[in-house]
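Structure below is entry17.pdb: PDB, C-alpha atoms, pLDDT in the B column.
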```pdb
MODEL        1
ATOM      1  CA  MET G 820       0.000   0.000   0.000  1.00 49.00           C
ATOM      2  CA  SER G 821       1.354   3.395  -0.942  1.00 67.00           C
ATOM      3  CA  ASP G 822       1.333   6.273   1.500  1.00 87.00           C
ATOM      4  CA  LYS G 823       1.481   8.853  -1.298  1.00 92.00           C
ATOM      5  CA  TYR G 824      -0.875  11.800  -1.027  1.00 93.00           C
ATOM      6  CA  ARG G 825      -1.849  14.770  -3.191  1.00 94.00           C
ATOM      7  CA  VAL G 826      -2.023  18.403  -2.218  1.00 95.00           C
ATOM      8  CA  ARG G 827      -3.659  20.986  -4.455  1.00 95.00           C
ATOM      9  CA  LEU G 828      -2.654  24.560  -3.731  1.00 96.00           C
ATOM     10  CA  ARG G 829      -4.892  27.330  -5.082  1.00 96.00           C
ATOM     11  CA  ARG G 830      -4.507  31.035  -4.598  1.00 94.00           C
ATOM     12  CA  HIS G 831      -6.367  34.089  -5.881  1.00 92.00           C
ATOM     13  CA  GLU G 832      -3.357  36.345  -6.432  1.00 91.00           C
ATOM     14  CA  THR G 833       0.100  35.502  -7.777  1.00 88.00           C
ATOM     15  CA  ASP G 834       1.728  37.698  -5.117  1.00 89.00           C
ATOM     16  CA  MET G 835       0.347  35.422  -2.364  1.00 92.00           C
ATOM     17  CA  PRO G 836       3.145  33.049  -1.221  1.00 94.00           C
ATOM     18  CA  TRP G 837       2.633  29.280  -1.208  1.00 95.00           C
ATOM     19  CA  GLY G 838       4.177  29.111   2.252  1.00 95.00           C
ATOM     20  CA  PHE G 839       6.718  26.335   1.800  1.00 96.00           C
ATOM     21  CA  ARG G 840      10.383  25.986   0.927  1.00 96.00           C
ATOM     22  CA  LEU G 841      11.649  23.405  -1.547  1.00 95.00           C
ATOM     23  CA  GLN G 842      14.979  21.638  -1.078  1.00 96.00           C
ATOM     24  CA  GLY G 843      17.068  19.188  -3.061  1.00 96.00           C
ATOM     25  CA  GLY G 844      17.193  18.291  -6.717  1.00 96.00           C
ATOM     26  CA  LYS G 845      19.538  16.584  -9.143  1.00 95.00           C
ATOM     27  CA  ASP G 846      22.066  19.406  -8.800  1.00 95.00           C
ATOM     28  CA  PHE G 847      22.212  18.790  -5.017  1.00 95.00           C
ATOM     29  CA  ALA G 848      22.278  14.981  -5.413  1.00 94.00           C
ATOM     30  CA  THR G 849      19.284  14.691  -3.072  1.00 94.00           C
ATOM     31  CA  PRO G 850      15.584  14.054  -3.686  1.00 95.00           C
ATOM     32  CA  LEU G 851      13.251  17.033  -3.848  1.00 96.00           C
ATOM     33  CA  SER G 852      11.438  17.567  -0.579  1.00 96.00           C
ATOM     34  CA  VAL G 853       9.608  20.145   1.488  1.00 97.00           C
ATOM     35  CA  GLN G 854      12.201  21.824   3.697  1.00 96.00           C
ATOM     36  CA  LYS G 855       9.900  24.147   5.639  1.00 96.00           C
ATOM     37  CA  VAL G 856       6.205  25.019   5.842  1.00 96.00           C
ATOM     38  CA  SER G 857       5.219  28.361   7.331  1.00 96.00           C
ATOM     39  CA  ALA G 858       2.597  28.033  10.072  1.00 96.00           C
ATOM     40  CA  GLY G 859      -0.830  29.201   8.942  1.00 94.00           C
ATOM     41  CA  SER G 860       0.267  29.499   5.294  1.00 95.00           C
ATOM     42  CA  LEU G 861      -1.573  28.161   2.272  1.00 94.00           C
ATOM     43  CA  GLY G 862       0.804  25.190   2.220  1.00 95.00           C
ATOM     44  CA  ASP G 863       0.165  24.485   5.909  1.00 95.00           C
ATOM     45  CA  ARG G 864      -3.616  24.724   5.534  1.00 94.00           C
ATOM     46  CA  SER G 865      -3.448  22.407   2.502  1.00 93.00           C
ATOM     47  CA  GLY G 866      -1.620  19.649   4.396  1.00 92.00           C
ATOM     48  CA  LEU G 867       2.038  20.070   3.363  1.00 93.00           C
ATOM     49  CA  ARG G 868       4.523  18.944   5.998  1.00 93.00           C
ATOM     50  CA  ALA G 869       8.260  19.584   6.288  1.00 94.00           C
ATOM     51  CA  GLY G 870      10.346  16.558   5.367  1.00 94.00           C
ATOM     52  CA  ASP G 871       7.856  15.064   2.932  1.00 95.00           C
ATOM     53  CA  CYS G 872       9.358  13.907  -0.363  1.00 96.00           C
ATOM     54  CA  ILE G 873       7.985  15.487  -3.567  1.00 97.00           C
ATOM     55  CA  LEU G 874       7.272  12.880  -6.251  1.00 97.00           C
ATOM     56  CA  ALA G 875       5.448  15.011  -8.849  1.00 97.00           C
ATOM     57  CA  ILE G 876       4.613  18.659  -9.543  1.00 97.00           C
ATOM     58  CA  ASN G 877       1.578  19.357 -11.735  1.00 96.00           C
ATOM     59  CA  GLY G 878       1.651  15.776 -13.005  1.00 96.00           C
ATOM     60  CA  ARG G 879       5.351  15.813 -13.897  1.00 96.00           C
ATOM     61  CA  ASP G 880       7.609  13.259 -12.220  1.00 96.00           C
ATOM     62  CA  VAL G 881      10.372  15.221 -10.496  1.00 96.00           C
ATOM     63  CA  GLN G 882      12.981  12.466 -10.480  1.00 93.00           C
ATOM     64  CA  GLY G 883      15.955  13.844 -12.372  1.00 93.00           C
ATOM     65  CA  LEU G 884      14.915  17.507 -12.110  1.00 96.00           C
ATOM     66  CA  ASP G 885      17.350  19.995 -10.689  1.00 96.00           C
ATOM     67  CA  HIS G 886      16.197  22.534  -8.091  1.00 97.00           C
ATOM     68  CA  ASP G 887      15.513  25.363 -10.549  1.00 97.00           C
ATOM     69  CA  GLU G 888      13.570  23.076 -12.912  1.00 97.00           C
ATOM     70  CA  ALA G 889      11.332  22.053 -10.010  1.00 97.00           C
ATOM     71  CA  LYS G 890      10.765  25.706  -9.090  1.00 96.00           C
ATOM     72  CA  MET G 891       9.843  26.418 -12.726  1.00 96.00           C
ATOM     73  CA  GLU G 892       7.244  23.624 -12.660  1.00 96.00           C
ATOM     74  CA  ILE G 893       5.634  25.322  -9.676  1.00 95.00           C
ATOM     75  CA  LEU G 894       5.741  28.711 -11.431  1.00 94.00           C
ATOM     76  CA  ARG G 895       4.189  27.199 -14.581  1.00 94.00           C
ATOM     77  CA  GLY G 896       1.214  26.180 -12.446  1.00 94.00           C
ATOM     78  CA  GLY G 897       0.324  29.833 -11.949  1.00 94.00           C
ATOM     79  CA  ASN G 898      -2.233  29.990  -9.157  1.00 95.00           C
ATOM     80  CA  ASP G 899      -3.047  26.269  -9.132  1.00 96.00           C
ATOM     81  CA  VAL G 900      -0.334  23.750  -8.203  1.00 96.00           C
ATOM     82  CA  GLU G 901      -0.731  20.050  -7.497  1.00 97.00           C
ATOM     83  CA  LEU G 902       1.939  18.093  -5.635  1.00 97.00           C
ATOM     84  CA  VAL G 903       2.212  14.343  -5.103  1.00 97.00           C
ATOM     85  CA  LEU G 904       4.167  13.639  -1.935  1.00 96.00           C
ATOM     86  CA  LEU G 905       5.410  10.813   0.203  1.00 94.00           C
ATOM     87  CA  PRO G 906       5.311  11.457   3.954  1.00 93.00           C
ATOM     88  CA  ARG G 907       8.565  11.341   5.861  1.00 84.00           C
ATOM     89  CA  ARG G 908       9.036   8.500   8.295  1.00 69.00           C
ATOM     90  CA  GLY G 909       8.616   8.821  12.027  1.00 51.00           C
ATOM     91  CA  PRO G 910       6.340  10.745  14.357  1.00 45.00           C
ATOM     92  CA  ARG G 911       4.322  13.546  12.837  1.00 48.00           C
ATOM     93  CA  VAL G 912       2.782  16.431  14.686  1.00 48.00           C
ATOM     94  CA  LEU G 913      -0.079  18.091  12.857  1.00 49.00           C
ATOM     95  CA  SER G 914      -1.074  21.643  13.728  1.00 48.00           C
ATOM     96  CA  HIS G 915      -4.583  20.745  12.537  1.00 49.00           C
ATOM     97  CA  PRO G 916      -6.118  17.881  10.560  1.00 50.00           C
ATOM     98  CA  PRO G 917      -5.351  18.137   6.840  1.00 50.00           C
ATOM     99  CA  PRO G 918      -8.321  18.579   4.500  1.00 50.00           C
ATOM    100  CA  SER G 919     -10.019  15.267   3.723  1.00 46.00           C
ATOM    101  CA  THR G 920      -9.363  15.820   0.012  1.00 45.00           C
ATOM    102  CA  THR G 921      -5.602  15.644   0.485  1.00 47.00           C
ATOM    103  CA  ARG G 922      -5.174  12.685   2.849  1.00 48.00           C
ATOM    104  CA  PRO G 923      -7.031  11.105   5.741  1.00 50.00           C
ATOM    105  CA  ALA G 924      -6.320  12.339   9.243  1.00 49.00           C
ATOM    106  CA  PRO G 925      -4.180   9.830  11.173  1.00 47.00           C
ATOM    107  CA  PRO G 926      -5.512   8.054  14.247  1.00 47.00           C
ATOM    108  CA  ALA G 927      -4.697  10.095  17.366  1.00 46.00           C
ATOM    109  CA  ASP G 928      -2.291   7.481  18.746  1.00 43.00           C
ATOM    110  CA  SER G 929      -0.527   6.639  15.462  1.00 37.00           C
ATOM    111  CA  GLY G 930       2.122   9.384  15.493  1.00 39.00           C
ATOM    112  CA  TRP G 931       2.187   8.829  11.713  1.00 38.00           C
ATOM    113  CA  GLN G 932       4.507   5.844  12.042  1.00 35.00           C
ATOM    114  CA  GLN G 933       5.159   4.505   8.575  1.00 37.00           C
ATOM    115  CA  ALA G 934       4.823   0.784   7.904  1.00 34.00           C
ATOM    116  CA  SER G 935       6.221   1.040   4.392  1.00 38.00           C
ATOM    117  CA  GLU G 936       9.905   1.177   3.464  1.00 39.00           C
ATOM    118  CA  GLU G 937       9.077   3.496   0.528  1.00 43.00           C
ATOM    119  CA  PRO G 938       9.621   6.743   2.524  1.00 39.00           C
ATOM    120  CA  ARG G 939      13.080   5.600   3.633  1.00 42.00           C
ATOM    121  CA  ARG G 940      14.093   4.901   0.030  1.00 46.00           C
ATOM    122  CA  CYS G 941      12.763   8.237  -1.150  1.00 58.00           C
ATOM    123  CA  LEU G 942      14.593  10.266   1.467  1.00 48.00           C
ATOM    124  CA  SER G 943      17.838   8.351   1.361  1.00 47.00           C
ATOM    125  CA  ARG G 944      18.332   7.833  -2.370  1.00 46.00           C
ATOM    126  CA  ARG G 945      20.859   9.851  -4.251  1.00 45.00           C
ATOM    127  CA  VAL G 946      20.024  11.373  -7.611  1.00 43.00           C
ATOM    128  CA  ARG G 947      22.515  10.345 -10.276  1.00 43.00           C
ATOM    129  CA  SER G 948      23.758  12.767 -12.882  1.00 38.00           C
TER
ENDMDL
END
```

As structure tokens, what does this structure read like?
Amino acid sequence: MSDKYRVRLRRHETDMPWGFRLQGGKDFATPLSVQKVSAGSLGDRSGLRAGDCILAINGRDVQGLDHDEAKMEILRGGNDVELVLLPRRGPRVLSHPPPSTTRPAPPADSGWQQASEEPRRCLSRRVRS
């Protein structure tokens, strides 16, 4: 069973920030992931969490993209961006339940422990040039 989830970010104005910071890419030899999510931001309210691995941006597989190419995919989305992500392993603290359209809320005692090995592979793999 895959733990992947989708987040759709929509904003009304292009000057409104998404509220998250991207890290990694082929040029950094690390997978693309969410480095930081600003509390209360659009990204936070949509269910993004720091440490989650980004698998696709607007339907495009990000494996092999460098950092700037990934940023351009987000910019190409304009005011509507869809991300496919893989949650990081380990305990997860949610500031509020994510919207039901992005992923189900975890049981209160689960701490978002991951049963799958897929998150470990995603976060530990190196991108080859």

Find the residues around region 845-857 of chain G up to 6 Å (only C-alpha atoms counted), leave out those fewer than 2 positions away in its own chain, and share them as a list in words.
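Returned residues: Gly838, Phe839, Arg840, Leu841, Gln842, Gly843, Ser860, Ala869, Gly870, Asp871, Cys872, Ile873, Gly883, Leu884, Asp885, Arg945 and Val946 of chain G.
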
Shell of 8 Å around Asp899 (chain G), all atoms listed in the file, local chain residues under 4 positions omitted, as a PyMOL selection string
chain G and resi 827-830

Okay, now the selection with C-alpha atoms, as a PDB file, in the coordinates of the input?
```
ATOM      1  CA  ARG G 827      -3.659  20.986  -4.455  1.00 95.00           C
ATOM      2  CA  LEU G 828      -2.654  24.560  -3.731  1.00 96.00           C
ATOM      3  CA  ARG G 829      -4.892  27.330  -5.082  1.00 96.00           C
ATOM      4  CA  ARG G 830      -4.507  31.035  -4.598  1.00 94.00           C
TER       5      ARG G 830
END
```

Using Å and a single decimal, report how far CA of Ile893 (chain G) sits from CA of Gly866 (chain G).
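Distance between the two atoms: 16.8 Å.
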
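As for CA of Leu867 (chain G) and CA of Val826 (chain G), they are spaced 7.1 Å apart.
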
Tell me, as an MDAnalysis selection string, which residues lie within 12 Å of Asn898 (chain G), counting only C-alpha atoms; anything in the same chain fewer than 6 positions away does not count.
chainID G and resid 827:837 861 877 892
